[in-house]
file work15.txt (compact mmCIF, C-alpha atoms)
# COMPACT_ATOMS: atom_id res chain seq x y z
CA MET P 1 -26.60 -19.11 37.65
CA GLY P 2 -24.53 -22.16 38.46
CA GLY P 3 -20.79 -22.04 37.89
CA SER P 4 -18.79 -24.24 35.55
CA SER P 5 -15.02 -24.45 35.32
CA GLY P 6 -14.42 -27.20 32.79
CA ILE P 7 -11.48 -26.77 30.39
CA ARG P 8 -12.48 -26.82 26.74
CA ARG P 9 -10.16 -26.94 23.78
CA SER P 10 -11.22 -24.92 20.81
CA PRO P 11 -12.54 -26.88 17.76
CA VAL P 12 -11.53 -26.21 14.20
CA ARG P 13 -11.30 -22.49 13.72
CA ARG P 14 -14.21 -21.39 11.59
CA ARG P 15 -13.11 -17.82 11.16
CA ARG P 16 -9.68 -16.28 10.99
CA CYS P 17 -9.04 -12.87 12.50
CA ASN P 18 -6.64 -11.52 9.93
CA GLN P 19 -7.65 -9.33 7.03
CA GLU P 20 -9.91 -11.93 5.50
CA ASN P 21 -12.40 -10.45 3.07
CA GLY P 22 -10.82 -7.01 3.52
CA LEU P 23 -12.05 -6.58 7.09
CA ALA P 24 -10.53 -4.08 9.51
CA VAL P 25 -8.06 -5.49 12.04
CA PRO P 26 -6.41 -3.94 15.13
CA PHE P 27 -4.09 -1.04 14.31
CA PHE P 28 -2.10 -1.41 17.55
CA LYS P 29 0.32 -4.20 18.29
CA TRP P 30 -1.04 -5.11 21.70
CA ALA P 31 0.38 -7.47 24.31
CA GLY P 32 -2.53 -9.53 25.54
CA GLY P 33 -4.51 -8.84 22.36
CA LYS P 34 -7.44 -11.18 21.85
CA ASN P 35 -7.17 -12.20 18.19
CA GLN P 36 -6.13 -15.73 19.08
CA LEU P 37 -9.09 -16.18 21.45
CA ILE P 38 -11.83 -14.82 19.21
CA PRO P 39 -12.87 -18.30 17.97
CA ASP P 40 -13.23 -19.39 21.61
CA PHE P 41 -15.22 -16.26 22.38
CA GLU P 42 -17.44 -16.68 19.34
CA GLU P 43 -18.47 -20.15 20.46
CA ARG P 44 -19.65 -18.55 23.67
CA PHE P 45 -21.27 -15.39 22.32
CA PRO P 46 -24.94 -15.16 23.32
CA VAL P 47 -27.39 -16.40 20.72
CA GLU P 48 -29.21 -13.07 21.06
CA LEU P 49 -26.19 -11.38 19.49
CA ARG P 50 -26.55 -13.51 16.37
CA ASN P 51 -30.27 -13.04 15.94
CA GLY P 52 -30.19 -9.25 16.29
CA HIS P 53 -31.82 -8.97 19.72
CA LEU P 54 -28.67 -7.29 21.02
CA ASP P 55 -27.85 -4.29 18.85
CA ARG P 56 -25.58 -2.36 21.23
CA TYR P 57 -21.99 -3.35 22.03
CA VAL P 58 -20.04 -1.99 25.02
CA GLU P 59 -16.38 -2.63 25.81
CA PRO P 60 -15.18 -0.88 29.00
CA PHE P 61 -11.47 -1.75 28.44
CA ILE P 62 -10.96 -1.32 24.70
CA GLY P 63 -7.20 -1.97 24.55
CA GLY P 64 -6.18 -3.07 21.06
CA GLY P 65 -9.80 -3.49 19.98
CA ALA P 66 -9.65 -6.97 18.43
CA VAL P 67 -12.97 -8.15 19.84
CA PHE P 68 -14.69 -4.83 19.14
CA LEU P 69 -13.62 -4.90 15.49
CA TYR P 70 -14.68 -8.50 15.10
CA VAL P 71 -18.09 -8.09 16.68
CA VAL P 72 -19.12 -4.94 14.82
CA GLN P 73 -18.13 -6.49 11.47
CA HIS P 74 -19.78 -9.89 11.98
CA PHE P 75 -22.96 -9.17 13.92
CA PRO P 76 -25.90 -6.75 13.50
CA ILE P 77 -24.64 -4.09 15.90
CA LYS P 78 -26.18 -0.64 15.47
CA GLU P 79 -24.32 1.23 18.19
CA SER P 80 -21.00 0.73 20.00
CA ILE P 81 -19.47 2.29 23.09
CA ILE P 82 -15.78 1.80 23.85
CA CYS P 83 -13.92 3.03 26.91
CA ASP P 84 -10.46 3.03 28.46
CA ILE P 85 -8.64 4.88 31.23
CA ASN P 86 -5.50 5.26 29.13
CA GLU P 87 -5.44 8.80 27.70
CA GLU P 88 -2.97 8.01 24.92
CA LEU P 89 -5.03 5.08 23.72
CA ILE P 90 -8.32 6.96 23.67
CA LEU P 91 -6.64 9.92 21.99
CA THR P 92 -5.53 7.63 19.17
CA TYR P 93 -9.00 6.15 18.71
CA GLN P 94 -10.45 9.66 18.56
CA VAL P 95 -7.92 10.78 15.96
CA ILE P 96 -8.60 7.76 13.75
CA LYS P 97 -12.31 8.52 14.02
CA GLN P 98 -12.04 12.24 13.29
CA ASP P 99 -8.81 12.92 11.36
CA VAL P 100 -7.64 9.72 9.76
CA ASP P 101 -6.32 11.35 6.56
CA PRO P 102 -3.78 13.71 8.21
CA LEU P 103 -2.82 10.85 10.54
CA ILE P 104 -2.03 8.64 7.55
CA SER P 105 -0.04 11.48 6.00
CA LEU P 106 2.15 11.88 9.09
CA LEU P 107 2.70 8.14 9.46
CA SER P 108 3.61 7.84 5.80
CA GLY P 109 6.26 10.51 6.33
CA TYR P 110 7.64 8.63 9.33
CA GLN P 111 7.70 5.43 7.29
CA GLU P 112 9.64 7.06 4.45
CA GLU P 113 12.17 8.68 6.78
CA TYR P 114 12.65 5.54 8.87
CA ASP P 115 13.11 3.28 5.84
CA GLY P 116 15.92 5.50 4.58
CA LEU P 117 18.02 5.19 7.74
CA ASP P 118 20.65 2.66 8.76
CA ASP P 119 20.40 0.75 12.05
CA SER P 120 22.06 3.50 14.06
CA GLY P 121 19.88 6.18 12.51
CA ARG P 122 16.74 4.18 13.19
CA THR P 123 17.67 3.77 16.83
CA SER P 124 18.28 7.50 17.19
CA PHE P 125 15.04 8.32 15.38
CA PHE P 126 13.07 6.07 17.75
CA TYR P 127 14.50 7.59 20.93
CA ARG P 128 14.11 11.16 19.65
CA MET P 129 10.45 10.42 18.93
CA ARG P 130 9.95 8.80 22.34
CA ASP P 131 11.68 11.66 24.19
CA GLU P 132 9.66 14.26 22.30
CA MET P 133 6.34 12.57 22.99
CA ASN P 134 7.15 12.04 26.68
CA GLY P 135 8.50 15.57 27.04
CA GLU P 136 5.27 17.09 25.75
CA ARG P 137 3.02 14.97 27.94
CA LYS P 138 3.08 17.19 31.06
CA GLY P 139 1.43 20.15 29.39
CA PHE P 140 -0.68 18.21 26.90
CA ASP P 141 -4.44 18.78 26.91
CA PHE P 142 -6.13 15.38 26.81
CA SER P 143 -9.51 16.91 27.55
CA GLY P 144 -10.02 19.03 24.45
CA TYR P 145 -9.61 17.68 20.93
CA GLY P 146 -7.22 19.68 18.75
CA THR P 147 -4.71 19.46 15.93
CA ALA P 148 -1.94 18.48 18.36
CA TRP P 149 -3.79 15.22 18.92
CA VAL P 150 -3.02 14.06 15.36
CA LYS P 151 0.73 14.40 15.79
CA ARG P 152 0.63 12.67 19.16
CA ALA P 153 -1.38 9.76 17.78
CA ALA P 154 1.11 9.41 14.91
CA GLN P 155 4.02 9.40 17.35
CA LEU P 156 2.38 6.75 19.49
CA LEU P 157 1.59 4.50 16.53
CA PHE P 158 5.14 4.88 15.24
CA LEU P 159 6.57 3.89 18.63
CA ASN P 160 4.14 0.98 18.92
CA ARG P 161 5.25 -0.37 15.55
CA THR P 162 8.98 -0.03 16.19
CA CYS P 163 9.41 -0.71 19.92
CA PHE P 164 10.42 -3.99 21.57
CA ASN P 165 7.72 -6.67 21.21
CA GLY P 166 5.16 -4.05 20.18
CA LEU P 167 4.38 -3.38 23.82
CA PHE P 168 2.33 -0.54 25.21
CA ARG P 169 3.72 0.25 28.63
CA VAL P 170 4.02 3.44 30.67
CA ASN P 171 5.71 4.29 33.95
CA SER P 172 4.13 5.86 37.05
CA LYS P 173 4.35 9.30 35.42
CA GLY P 174 2.56 8.12 32.30
CA ALA P 175 5.69 8.17 30.12
CA PHE P 176 6.06 5.56 27.40
CA ASN P 177 9.11 3.53 28.41
CA VAL P 178 9.44 0.57 26.01
CA PRO P 179 12.89 0.31 24.33
CA PHE P 180 13.67 0.14 20.62
CA GLY P 181 12.67 -3.08 18.87
CA ARG P 182 15.14 -3.46 15.98
CA TYR P 183 12.65 -4.90 13.49
CA LYS P 184 14.08 -5.28 10.00
CA ASN P 185 11.18 -3.83 8.00
CA PRO P 186 8.37 -2.70 10.31
CA ARG P 187 5.14 -1.60 8.67
CA ILE P 188 4.50 1.73 10.33
CA VAL P 189 1.45 2.73 8.33
CA HIS P 190 -1.37 0.66 6.83
CA PRO P 191 -3.62 3.28 5.19
CA SER P 192 -6.43 1.02 4.01
CA ASN P 193 -6.84 -0.56 7.44
CA LEU P 194 -6.89 2.79 9.22
CA LEU P 195 -9.59 3.99 6.84
CA LYS P 196 -11.70 0.91 7.55
CA VAL P 197 -11.30 1.36 11.31
CA SER P 198 -12.21 5.04 10.97
CA SER P 199 -15.44 4.09 9.19
CA LEU P 200 -16.38 1.69 11.99
CA LEU P 201 -15.59 4.29 14.65
CA SER P 202 -17.94 6.78 13.01
CA HIS P 203 -20.81 4.90 14.70
CA THR P 204 -18.97 4.51 18.00
CA THR P 205 -19.01 6.54 21.20
CA ILE P 206 -15.47 6.78 22.65
CA LEU P 207 -15.12 7.38 26.40
CA LEU P 208 -12.08 8.24 28.49
CA GLY P 209 -12.25 7.04 32.07
CA ASP P 210 -12.76 4.23 34.54
CA PHE P 211 -14.75 1.22 33.34
CA SER P 212 -17.67 2.23 35.56
CA ILE P 213 -18.56 5.22 33.34
CA SER P 214 -19.84 2.82 30.69
CA ARG P 215 -22.68 1.77 33.01
CA GLU P 216 -25.17 4.37 31.75
CA TYR P 217 -24.98 2.92 28.22
CA ILE P 218 -25.81 -0.65 29.24
CA ASN P 219 -29.34 -2.12 29.16
CA ASP P 220 -31.08 -5.35 28.21
CA GLN P 221 -30.29 -4.79 24.52
CA THR P 222 -26.54 -4.78 25.16
CA PHE P 223 -23.69 -7.23 24.78
CA VAL P 224 -20.77 -6.29 27.05
CA TYR P 225 -17.27 -7.70 26.70
CA ILE P 226 -14.91 -6.96 29.60
CA ASP P 227 -11.16 -7.41 29.14
CA PRO P 228 -9.41 -5.78 32.12
CA PRO P 229 -5.66 -5.59 32.66
CA TYR P 230 -4.88 -9.14 33.66
CA ARG P 231 -4.10 -10.19 37.18
CA PRO P 232 -0.38 -11.17 37.16
CA LEU P 233 0.17 -14.88 36.60
CA SER P 234 2.74 -14.98 39.38
CA LYS P 235 4.38 -12.78 42.00
CA THR P 236 7.21 -12.06 39.56
CA SER P 237 4.91 -10.96 36.73
CA LYS P 238 5.16 -7.19 36.45
CA PHE P 239 3.71 -6.34 33.06
CA THR P 240 0.47 -4.66 34.13
CA SER P 241 1.17 -1.01 33.37
CA TYR P 242 -1.04 -0.14 30.42
CA SER P 243 -1.96 2.96 32.38
CA ARG P 244 -0.01 4.85 35.01
CA ASP P 245 -2.54 3.94 37.69
CA GLY P 246 -2.25 0.20 37.11
CA PHE P 247 -5.04 -2.22 38.01
CA SER P 248 -4.88 -3.70 41.50
CA GLU P 249 -6.44 -6.75 43.08
CA ASP P 250 -8.92 -4.41 44.74
CA ASP P 251 -9.85 -3.16 41.27
CA GLN P 252 -10.48 -6.76 40.20
CA VAL P 253 -12.87 -7.11 43.15
CA ARG P 254 -14.57 -3.83 42.24
CA LEU P 255 -14.90 -5.08 38.66
CA SER P 256 -16.59 -8.28 39.84
CA ARG P 257 -19.20 -6.15 41.60
CA PHE P 258 -19.68 -4.17 38.39
CA PHE P 259 -20.19 -7.46 36.53
CA SER P 260 -22.88 -8.46 39.04
CA GLU P 261 -24.55 -5.06 38.68
CA LEU P 262 -24.66 -5.41 34.91
CA ASP P 263 -26.27 -8.81 35.31
CA THR P 264 -29.27 -7.12 36.94
CA THR P 265 -29.83 -4.96 33.84
CA GLY P 266 -30.55 -7.92 31.58
CA ALA P 267 -27.41 -7.30 29.52
CA LYS P 268 -25.38 -10.26 28.27
CA VAL P 269 -21.90 -9.96 29.77
CA MET P 270 -18.64 -11.79 28.99
CA LEU P 271 -15.34 -11.28 30.83
CA SER P 272 -11.88 -12.75 30.27
CA ASN P 273 -8.82 -12.83 32.50
CA SER P 274 -5.68 -14.78 33.27
CA ASP P 275 -6.15 -17.99 35.21
CA PRO P 276 -4.21 -17.95 38.50
CA LYS P 277 -4.40 -21.74 38.59
CA ASN P 278 -1.70 -21.80 35.92
CA GLU P 279 0.76 -20.98 38.70
CA ASP P 280 -1.10 -22.14 41.78
CA PRO P 281 -3.85 -24.78 41.53
CA ASP P 282 -5.09 -23.65 44.94
CA ASP P 283 -5.61 -20.02 43.90
CA HIS P 284 -9.40 -19.61 43.74
CA PHE P 285 -9.41 -15.83 43.39
CA PHE P 286 -11.59 -15.63 40.28
CA ASP P 287 -13.58 -18.79 41.03
CA ASP P 288 -14.66 -17.10 44.25
CA LEU P 289 -15.31 -13.68 42.72
CA TYR P 290 -17.51 -15.08 39.95
CA ARG P 291 -18.96 -18.14 41.69
CA GLU P 292 -22.52 -17.07 40.79
CA PHE P 293 -21.76 -17.12 37.08
CA ARG P 294 -20.64 -19.52 34.39
CA MET P 295 -16.86 -19.87 34.11
CA GLU P 296 -14.89 -21.81 31.51
CA ARG P 297 -11.19 -22.22 30.90
CA VAL P 298 -9.62 -22.14 27.43
CA LEU P 299 -6.09 -22.53 26.15
CA ALA P 300 -4.14 -19.50 24.96
CA LYS P 301 -0.53 -18.74 24.18
CA ARG P 302 1.42 -16.58 26.60
CA MET P 303 3.10 -13.97 24.39
CA ILE P 304 4.59 -11.26 26.60
CA ASN P 305 7.06 -13.15 28.80
CA SER P 306 10.56 -11.87 28.12
CA VAL P 307 11.94 -15.37 28.69
CA GLY P 308 11.32 -17.29 25.49
CA ASP P 309 11.02 -20.75 27.04
CA LYS P 310 8.30 -19.49 29.37
CA ARG P 311 6.03 -18.64 26.47
CA GLY P 312 3.54 -21.39 25.75
CA GLU P 313 0.00 -22.59 26.25
CA ILE P 314 -1.78 -21.54 29.42
CA ASN P 315 -5.39 -21.38 30.52
CA GLU P 316 -7.42 -18.22 30.50
CA ILE P 317 -10.84 -17.85 32.03
CA ILE P 318 -14.06 -16.74 30.36
CA VAL P 319 -16.93 -15.69 32.61
CA MET P 320 -20.50 -15.31 31.32
CA ASN P 321 -23.81 -14.38 32.92
CA TYR P 322 -25.76 -16.49 30.40
CA HIS P 323 -25.92 -20.09 29.22
CA VAL P 324 -24.10 -20.96 26.00
CA GLN P 325 -26.21 -22.49 23.25
CA ASN P 326 -24.50 -24.79 20.80
CA LEU P 327 -25.25 -23.84 17.22
call {"tool": "encode", "arguments": {"input": "work15.txt", "output": "structure tokens"}}
result
Amino acid sequence: MGGSSGIRRSPVRRRRCNQENGLAVPFFKWAGGKNQLIPDFEERFPVELRNGHLDRYVEPFIGGGAVFLYVVQHFPIKESIICDINEELILTYQVIKQDVDPLISLLSGYQEEYDGLDDSGRTSFFYRMRDEMNGERKGFDFSGYGTAWVKRAAQLLFLNRTCFNGLFRVNSKGAFNVPFGRYKNPRIVHPSNLLKVSSLLSHTTILLGDFSISREYINDQTFVYIDPPYRPLSKTSKFTSYSRDGFSEDDQVRLSRFFSELDTTGAKVMLSNSDPKNEDPDDHFFDDLYREFRMERVLAKRMINSVGDKRGEINEIIVMNYHVQNL
């Protein structure tokens, strides 16, 4: 398939990705979340997704789940498979699927306690929670579901809602290391949304592991969306640690081979990533990796730079193994 790298600005947004019509939305605050890009993605979704010829959805890097939640609520998907290598993240998805009511109960208790504290008390509460969760990690069993999973998911969601910038970041030992966020009135629990997400997950297979383990679920009836940890925009960009193992340039190359393998199955595959040309117009890393496929560039807002004046519109790439049909 011939490549294309033209930059397209998104037209008038036809659908908003908030809680329109009571739909489920992401329960994590997630740096690099895809809500803002969903209209751009939707323009480029395969027509077979709309007409019901693709009834299975696979996302090998689930992250905050914005695209997953959008697709399964707007298109005739019968079966979904989501995957991630981050144990804490997959644990939380499993708990929402299997034990959403006790999770809501714990989060509601955290919300009540937190709301009753002054600024100093809130800071102490946050760091106690973070220390406790990190301290229990070494001996925690991520392989066998149990009641301890509910408490851990509640702790993680509390930290996500109250930490700086709503980041999810771990160090080389897997410990959550984002500092306190000092939000005035953070919403720690949203019961109705968690219940909606739980209902959607009831028809979803949740996998823990490398993206490659999703391969066995992918065939010619499948739409695959791939959203890996982004390649840093520059040599000084360090925010890549959503898992303790990171995601190297070699992993990006390995992922491109996976993309090519999926193409041979007949599946429709879409991938997004940062555009290195934002920093270096001569950086052809992704253009070379995906030269056999269709590539487009779209505008997005950079949200995770700690320097405020460096946040702004940048290009991101979208790679597809199919032609886009205008509707």
call {"tool": "closest_residue", "arguments": {"input": "work15.txt", "among": "P:Ile226, P:Leu117, P:Ile218, P:Leu89", "to": "Lys184 (chain P)", "atoms": "all atoms listed in the file"}}
result
P:Leu117
call {"tool": "closest_residue", "arguments": {"input": "work15.txt", "among": "P:Val298, P:Cys163, P:Leu194, P:Val253", "to": "Lys29 (chain P)", "atoms": "only C-alpha atoms"}}
result
P:Cys163
call {"tool": "residues_around", "arguments": {"input": "work15.txt", "residues": "Gly209 (chain P)", "least_positions_apart": "4", "cutoff": "10 Å", "atoms": "only C-alpha atoms", "output": "list in words"}}
result
Pro60, Phe61, Cys83, Asp84, Ile85, Asn86, Glu87, Ile90, Ile213 and Ser214 of chain P
call {"tool": "closest_residue", "arguments": {"input": "work15.txt", "among": "P:Val269, P:Ser192, P:Ser274, P:Tyr110", "to": "Val324 (chain P)", "atoms": "all atoms listed in the file"}}
result
P:Val269
call {"tool": "residues_around", "arguments": {"input": "work15.txt", "residues": "Ile77 (chain P)", "least_positions_apart": "4", "cutoff": "10 Å", "atoms": "all atoms listed in the file", "output": "ChimeraX atom specification"}}
result
/P:49-50,52-57,71-73,203,222-223
call {"tool": "closest_residue", "arguments": {"input": "work15.txt", "among": "P:Phe164, P:Phe158, P:Tyr183, P:Phe258", "to": "Leu103 (chain P)", "atoms": "only C-alpha atoms"}}
result
P:Phe158
call {"tool": "residues_around", "arguments": {"input": "work15.txt", "residues": "Glu136 (chain P)", "least_positions_apart": "4", "cutoff": "12 Å", "atoms": "all atoms listed in the file", "output": "MDAnalysis selection string"}}
result
chainID P and resid 129:132 140:142 148:149 151:152 155 174:176
call {"tool": "write_last_selection", "arguments": {"input": "work15.txt", "atoms": "C-alpha atoms", "output": "mmCIF file, in the coordinates of the input"}}
result
data_model
loop_
_atom_site.group_PDB
_atom_site.id
_atom_site.type_symbol
_atom_site.label_atom_id
_atom_site.label_comp_id
_atom_site.auth_asym_id
_atom_site.auth_seq_id
_atom_site.Cartn_x
_atom_site.Cartn_y
_atom_site.Cartn_z
ATOM 1 C CA MET P 129 10.450 10.420 18.930
ATOM 2 C CA ARG P 130 9.950 8.800 22.340
ATOM 3 C CA ASP P 131 11.680 11.660 24.190
ATOM 4 C CA GLU P 132 9.660 14.260 22.300
ATOM 5 C CA PHE P 140 -0.680 18.210 26.900
ATOM 6 C CA ASP P 141 -4.440 18.780 26.910
ATOM 7 C CA PHE P 142 -6.130 15.380 26.810
ATOM 8 C CA ALA P 148 -1.940 18.480 18.360
ATOM 9 C CA TRP P 149 -3.790 15.220 18.920
ATOM 10 C CA LYS P 151 0.730 14.400 15.790
ATOM 11 C CA ARG P 152 0.630 12.670 19.160
ATOM 12 C CA GLN P 155 4.020 9.400 17.350
ATOM 13 C CA GLY P 174 2.560 8.120 32.300
ATOM 14 C CA ALA P 175 5.690 8.170 30.120
ATOM 15 C CA PHE P 176 6.060 5.560 27.400
#
call {"tool": "closest_residue", "arguments": {"input": "work15.txt", "among": "P:Gln36, P:Ser80, P:Asn165, P:Ser199", "to": "Asp101 (chain P)", "atoms": "all atoms listed in the file"}}
result
P:Ser199
call {"tool": "closest_residue", "arguments": {"input": "work15.txt", "among": "P:Gly33, P:Pro46, P:Pro186, P:Pro229", "to": "Phe68 (chain P)", "atoms": "only C-alpha atoms"}}
result
P:Gly33
call {"tool": "residues_around", "arguments": {"input": "work15.txt", "residues": "Asn278 (chain P)", "least_positions_apart": "3", "cutoff": "10 Å", "atoms": "all atoms listed in the file", "output": "ChimeraX atom specification"}}
result
/P:233-234,274-275,281-283,313-316
call {"tool": "atom_distance", "arguments": {"input": "work15.txt", "atom1": "CA of Leu195 (chain P)", "atom2": "CA of Tyr145 (chain P)"}}
result
19.6 Å
call {"tool": "atom_distance", "arguments": {"input": "work15.txt", "atom1": "CA of Pro276 (chain P)", "atom2": "CA of Arg231 (chain P)"}}
result
7.9 Å
call {"tool": "atom_distance", "arguments": {"input": "work15.txt", "atom1": "CA of Arg257 (chain P)", "atom2": "CA of Pro76 (chain P)"}}
result
28.9 Å
call {"tool": "residues_around", "arguments": {"input": "work15.txt", "residues": "Asp115 (chain P)", "least_positions_apart": "5", "cutoff": "12 Å", "atoms": "only C-alpha atoms", "output": "list of chain:residue names"}}
result
P:Ser108, P:Gly109, P:Tyr110, P:Gly121, P:Arg122, P:Thr123, P:Phe125, P:Thr162, P:Tyr183, P:Lys184, P:Asn185, P:Pro186, P:Arg187, P:Ile188, P:Val189
